[in-house]
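Below is one structure, written out as structure tokens, with a few remarks after it.
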Amino acid sequence: MKAHERLLRYVSFDTQSKEDSNQTPSTEKQFKLGQELKKELLELGLKKVVLDESCYLYGFLPATKGMKNKKALGLIAHMDTAPSFSGENVKPQIIEGYNGKDVLLKGSGELLTVSDFPDLKEHVGKTLITTDGTTLLGADDKAGVAEIFTAIEEIILEKSPHGDIWVGITPDEEIGMGASKFNYDYFKADFAYTLDGDYEGELAYENFNAASAVFKVCGKNVHPGSAKNIMVNAASIASEIQSMMPRFDVPECTEGREGFIMLCEISGDVNEAKLEYILRDHDMSKFEDRKKLCINICEYINNKYTEGTVELIIEDSYLNMLKVMEQHMDIVELGKEAIKSIGLEFKCSPIRGGTDGATLTNNGLPCPNLGTGGYAFHGPYEHITVEGMKNSVEIAKYIISNMPTA
């Protein structure tokens, strides 16, 4: 089965994860795809196939004869899709011989425009897969799953020599919890790659440091006619907190290694209010400064009003993998060779987001991130090409065939 055929099958499963869940997986529906993927790994002939109680799927392909001396490779992707936009009843549009023009998303009537997504210029003549505008596509990261499974299937059919290969499919990556219950004792890889990036030809080994910051504001609600020196308006204080955040350190004004503080949600009334932020920066010092700013704002508000007016909760989500990966540049070089081997230009840029690979790397499993050929993730403009997926499969196969000696 070809990679894009697998993708079109996988996107029929709604696997959105859910913020603020106290269970793993955050949504039970992820198990439905997990069971299908488990069945598929068994049909491919993998050993030690397990779908555990937390919806982590593992499989093992033993080394071929004479290849036991190779380092064990891990290939990792995630099955969940982002909670930011609907992943239910996905209706992909398949456009053969794409003409390079704006694409009508027939479900919503909106346009996937070349001006907003200039990568489309590179896909002229290819088979483009888009959404219909009413859901996300789910290529993030069902494309990665499809590409791993297809690469495994092809190397088995082609009887290509290889060392031990481990496959890992995680839940809840989109809410920053994809590696939280990863079983390192079971998954015996020496190094790994996540297939969870953008364009084919990309390899990334640097990502944001990330944290969440939640301000909870407690007000005092009395009749406005007799409110002087008594009322504490939580909604007004929430607006005051937001006014103290840096105006231009936001996603819509930053790029590259520029960090940001993003207000994700604000709610409330006179009695109580809540602001939810995410903090991001590649530089650890600047990352800590962003957390300190939030602490200073909280202290200022409590001093201005009364102690306890604002409660601040800061939680780290994941850390930059760069410092660890700099000790394992042979893995980066192997990925670079794989990309160049099929005639693609090697592209390496810092991830403006997170990946399971960041946590895995910082926990001792070096794991840079390979592109899947997808674009505009997490929304109705998500798209991918059949040719891009095929390239990603070939990159994975090259890595499998050129595993380093232990």
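Identifiers in the structure tokens: chain A, B, ... in order shown; residue index from 1 per chain; ligand index from 1 in order shown.
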
Apply DSSP to the backbone of this structure and, from range 95-286 of chain A, keep only the residues in helix (DSSP H, G or I); write these as number ranges by chain. A: 118-123, 139-157, 173-175, 224-226, 234-243, 251-253, 284-286

Using only C-alpha atoms, find each residue in range 131-212 of chain A having at least one atom no more than 12 Å away from range 289-310 of chain A; report its shortest atom-to-atom pair and that distance in Å (one decimal), rows by chain then rising number, as JSON lines.
```
{"residue": "A:Asn209", "atom": "CA", "partner": "A:Arg290", "partner_atom": "CA", "distance": 11.0}
{"residue": "A:Ala210", "atom": "CA", "partner": "A:Lys291", "partner_atom": "CA", "distance": 10.2}
{"residue": "A:Ala211", "atom": "CA", "partner": "A:Lys291", "partner_atom": "CA", "distance": 8.2}
{"residue": "A:Ser212", "atom": "CA", "partner": "A:Lys291", "partner_atom": "CA", "distance": 9.1}
```

Got a sec: who's within 10 Å of Ser239 in chain A, counting only C-alpha atoms, leaving out chain neighbours fewer than 4 positions off, as JSON, numbers by chain? {"A": [234, 235, 243, 244, 266, 273, 275]}

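Reported to one decimal place, the separation of CA of Asp283 in chain A from CA of Glu315 in chain A is 17.3 Å.
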
One decimal place gives the CA of Asn22 in chain A-CA of Ile241 in chain A separation as 28.0 Å

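Minimum distance to Ser392 in chain A across A:Glu96, A:Glu158, A:Glu265, A:Glu202 (counting only C-alpha atoms) occurs at A:Glu202.
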
Selection near Lys91 in chain A, 12 Å with only C-alpha atoms, sequence-local residues under 4 positions removed, as a compact mmCIF listing (two decimals) with N, CA and C atoms, in the first residue's frame:
```txt
# COMPACT_ATOMS: atom_id res chain seq x y z
N LEU A 8 -5.04 8.49 3.61
CA LEU A 8 -6.47 8.70 3.34
C LEU A 8 -7.33 7.77 4.19
N ARG A 9 -6.79 6.61 4.53
CA ARG A 9 -7.53 5.70 5.43
C ARG A 9 -7.47 6.19 6.86
N TYR A 10 -6.29 6.63 7.29
CA TYR A 10 -6.12 7.04 8.69
C TYR A 10 -6.93 8.29 9.02
N VAL A 11 -7.07 9.22 8.06
CA VAL A 11 -7.76 10.47 8.39
C VAL A 11 -9.25 10.27 8.59
N SER A 12 -9.76 9.08 8.27
CA SER A 12 -11.18 8.80 8.54
C SER A 12 -11.42 8.59 10.03
N PHE A 13 -10.35 8.43 10.81
CA PHE A 13 -10.45 8.28 12.26
C PHE A 13 -10.28 9.66 12.92
N ASP A 14 -11.23 10.05 13.73
CA ASP A 14 -11.12 11.28 14.50
C ASP A 14 -10.28 11.00 15.74
N SER A 86 -11.49 21.15 14.11
CA SER A 86 -12.18 19.86 14.00
C SER A 86 -11.40 18.84 13.17
N GLY A 87 -11.38 17.60 13.67
CA GLY A 87 -10.78 16.50 12.92
C GLY A 87 -11.79 15.41 12.63
N LEU A 105 -11.75 25.32 -1.53
CA LEU A 105 -12.08 24.30 -0.53
C LEU A 105 -13.61 24.18 -0.53
N LYS A 106 -14.10 23.13 -1.14
CA LYS A 106 -15.50 23.08 -1.54
C LYS A 106 -16.47 22.98 -0.38
N GLY A 107 -16.02 22.51 0.76
CA GLY A 107 -16.93 22.41 1.90
C GLY A 107 -17.23 23.75 2.54
N SER A 108 -16.24 24.63 2.60
CA SER A 108 -16.40 25.93 3.25
C SER A 108 -16.55 27.08 2.26
N ILE A 129 -3.21 16.97 -2.01
CA ILE A 129 -4.30 16.55 -1.12
C ILE A 129 -4.57 17.68 -0.15
N THR A 130 -5.81 18.16 -0.13
CA THR A 130 -6.21 19.25 0.77
C THR A 130 -7.42 18.83 1.60
N THR A 131 -7.85 19.71 2.47
CA THR A 131 -9.11 19.54 3.17
C THR A 131 -10.23 20.10 2.29
N ASP A 132 -11.47 19.96 2.76
CA ASP A 132 -12.58 20.65 2.07
C ASP A 132 -12.90 21.97 2.76
N GLY A 133 -12.05 22.35 3.73
CA GLY A 133 -12.22 23.63 4.42
C GLY A 133 -13.01 23.58 5.70
N THR A 134 -13.62 22.43 6.01
CA THR A 134 -14.44 22.34 7.21
C THR A 134 -13.73 21.65 8.37
N THR A 135 -12.59 21.01 8.08
CA THR A 135 -11.82 20.30 9.10
C THR A 135 -10.34 20.49 8.80
N LEU A 136 -9.50 20.07 9.72
CA LEU A 136 -8.10 19.89 9.37
C LEU A 136 -7.97 18.58 8.59
N LEU A 137 -6.81 18.33 8.02
CA LEU A 137 -6.60 17.11 7.25
C LEU A 137 -6.15 15.96 8.14
N GLY A 138 -5.22 16.25 9.05
CA GLY A 138 -4.68 15.19 9.91
C GLY A 138 -3.36 14.64 9.41
N PRO A 380 -7.79 24.42 8.50
CA PRO A 380 -8.47 24.02 7.26
C PRO A 380 -7.63 24.16 6.01
```

How would you write, as a ChimeraX atom specification, the set of residues in range 208-340 of chain A that DSSP gives as strand (DSSP E or B)? /A:209-218,220,232,260-268,272-281,310-318

Using Å and a single decimal, report how far CA of Asn233 in chain A sits from CA of Lys220 in chain A. 6.5 Å

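Remark: for Gly201 in chain A, the closest of the candidate residues A:Asn391, A:Asn271, A:Ser180, A:Ser84 is A:Asn391 (distances computed over only C-alpha atoms).
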
Within 10 Å of Phe191 in chain A, counting only C-alpha atoms, which residues show up once you throw out same-chain ones fewer than 5 positions away? Write them as a count of residues only, please. 16

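Using only C-alpha atoms, the shortest contact distance between Val214 in chain A and any of A:Ala139, A:Asp119, A:Asp316, A:Arg247 is found at A:Asp316.
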
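Among the candidates A:Ile400, A:Val50, A:Met79, A:Val332, the one nearest to Lys38 in chain A when counting only C-alpha atoms is A:Val50.
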
In terms of the shortest atom-to-atom distance over only C-alpha atoms, which of A:Phe149, A:Tyr184, A:Phe117, A:Phe260 is closest to His383 in chain A? A:Phe117

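For the residues A:Pro118, A:Gly59, A:Gly125, A:Asp249, ranking by smallest atom-to-atom distance to Lys39 in chain A using only C-alpha atoms places A:Gly59 first.
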
Can you tell me which residues surround range 250-254 of chain A at a distance of at most 10 Å, considering only C-alpha atoms, apart from same-chain residues fewer than 6 positions away, and format the answer as a PyMOL selection string? chain A and resi 260-263+279-280+352

Using only N, CA and C atoms, please write the residues we just selected to a file, as a CSV table (one decimal), in the first residue's frame.
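Below is the file result02.csv, written as the result:
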```csv
chain,number,residue,atom,x,y,z
A,260,PHE,N,8.1,34.2,21.9
A,260,PHE,CA,6.9,35.0,22.0
A,260,PHE,C,6.1,34.6,23.3
A,261,ILE,N,5.2,35.4,23.7
A,261,ILE,CA,4.2,35.1,24.7
A,261,ILE,C,2.8,35.2,24.0
A,262,MET,N,2.1,34.1,24.0
A,262,MET,CA,0.8,34.1,23.2
A,262,MET,C,-0.4,34.0,24.2
A,263,LEU,N,-1.3,34.9,24.1
A,263,LEU,CA,-2.6,34.7,24.8
A,263,LEU,C,-3.5,33.8,24.1
A,279,LEU,N,4.3,30.3,26.6
A,279,LEU,CA,5.6,31.0,26.5
A,279,LEU,C,6.6,30.2,25.7
A,280,ARG,N,7.2,30.8,24.7
A,280,ARG,CA,8.1,30.0,23.8
A,280,ARG,C,9.4,30.8,23.6
A,352,ARG,N,9.6,26.0,15.3
A,352,ARG,CA,8.8,27.0,16.0
A,352,ARG,C,7.6,26.3,16.7
```

Excluding Ser160 in chain A and its own-chain neighbours fewer than 5 positions away, which residues fall within 10 Å of it when counting only C-alpha atoms? Please give them as a PyMOL selection string. chain A and resi 64+154-155+397+400-401
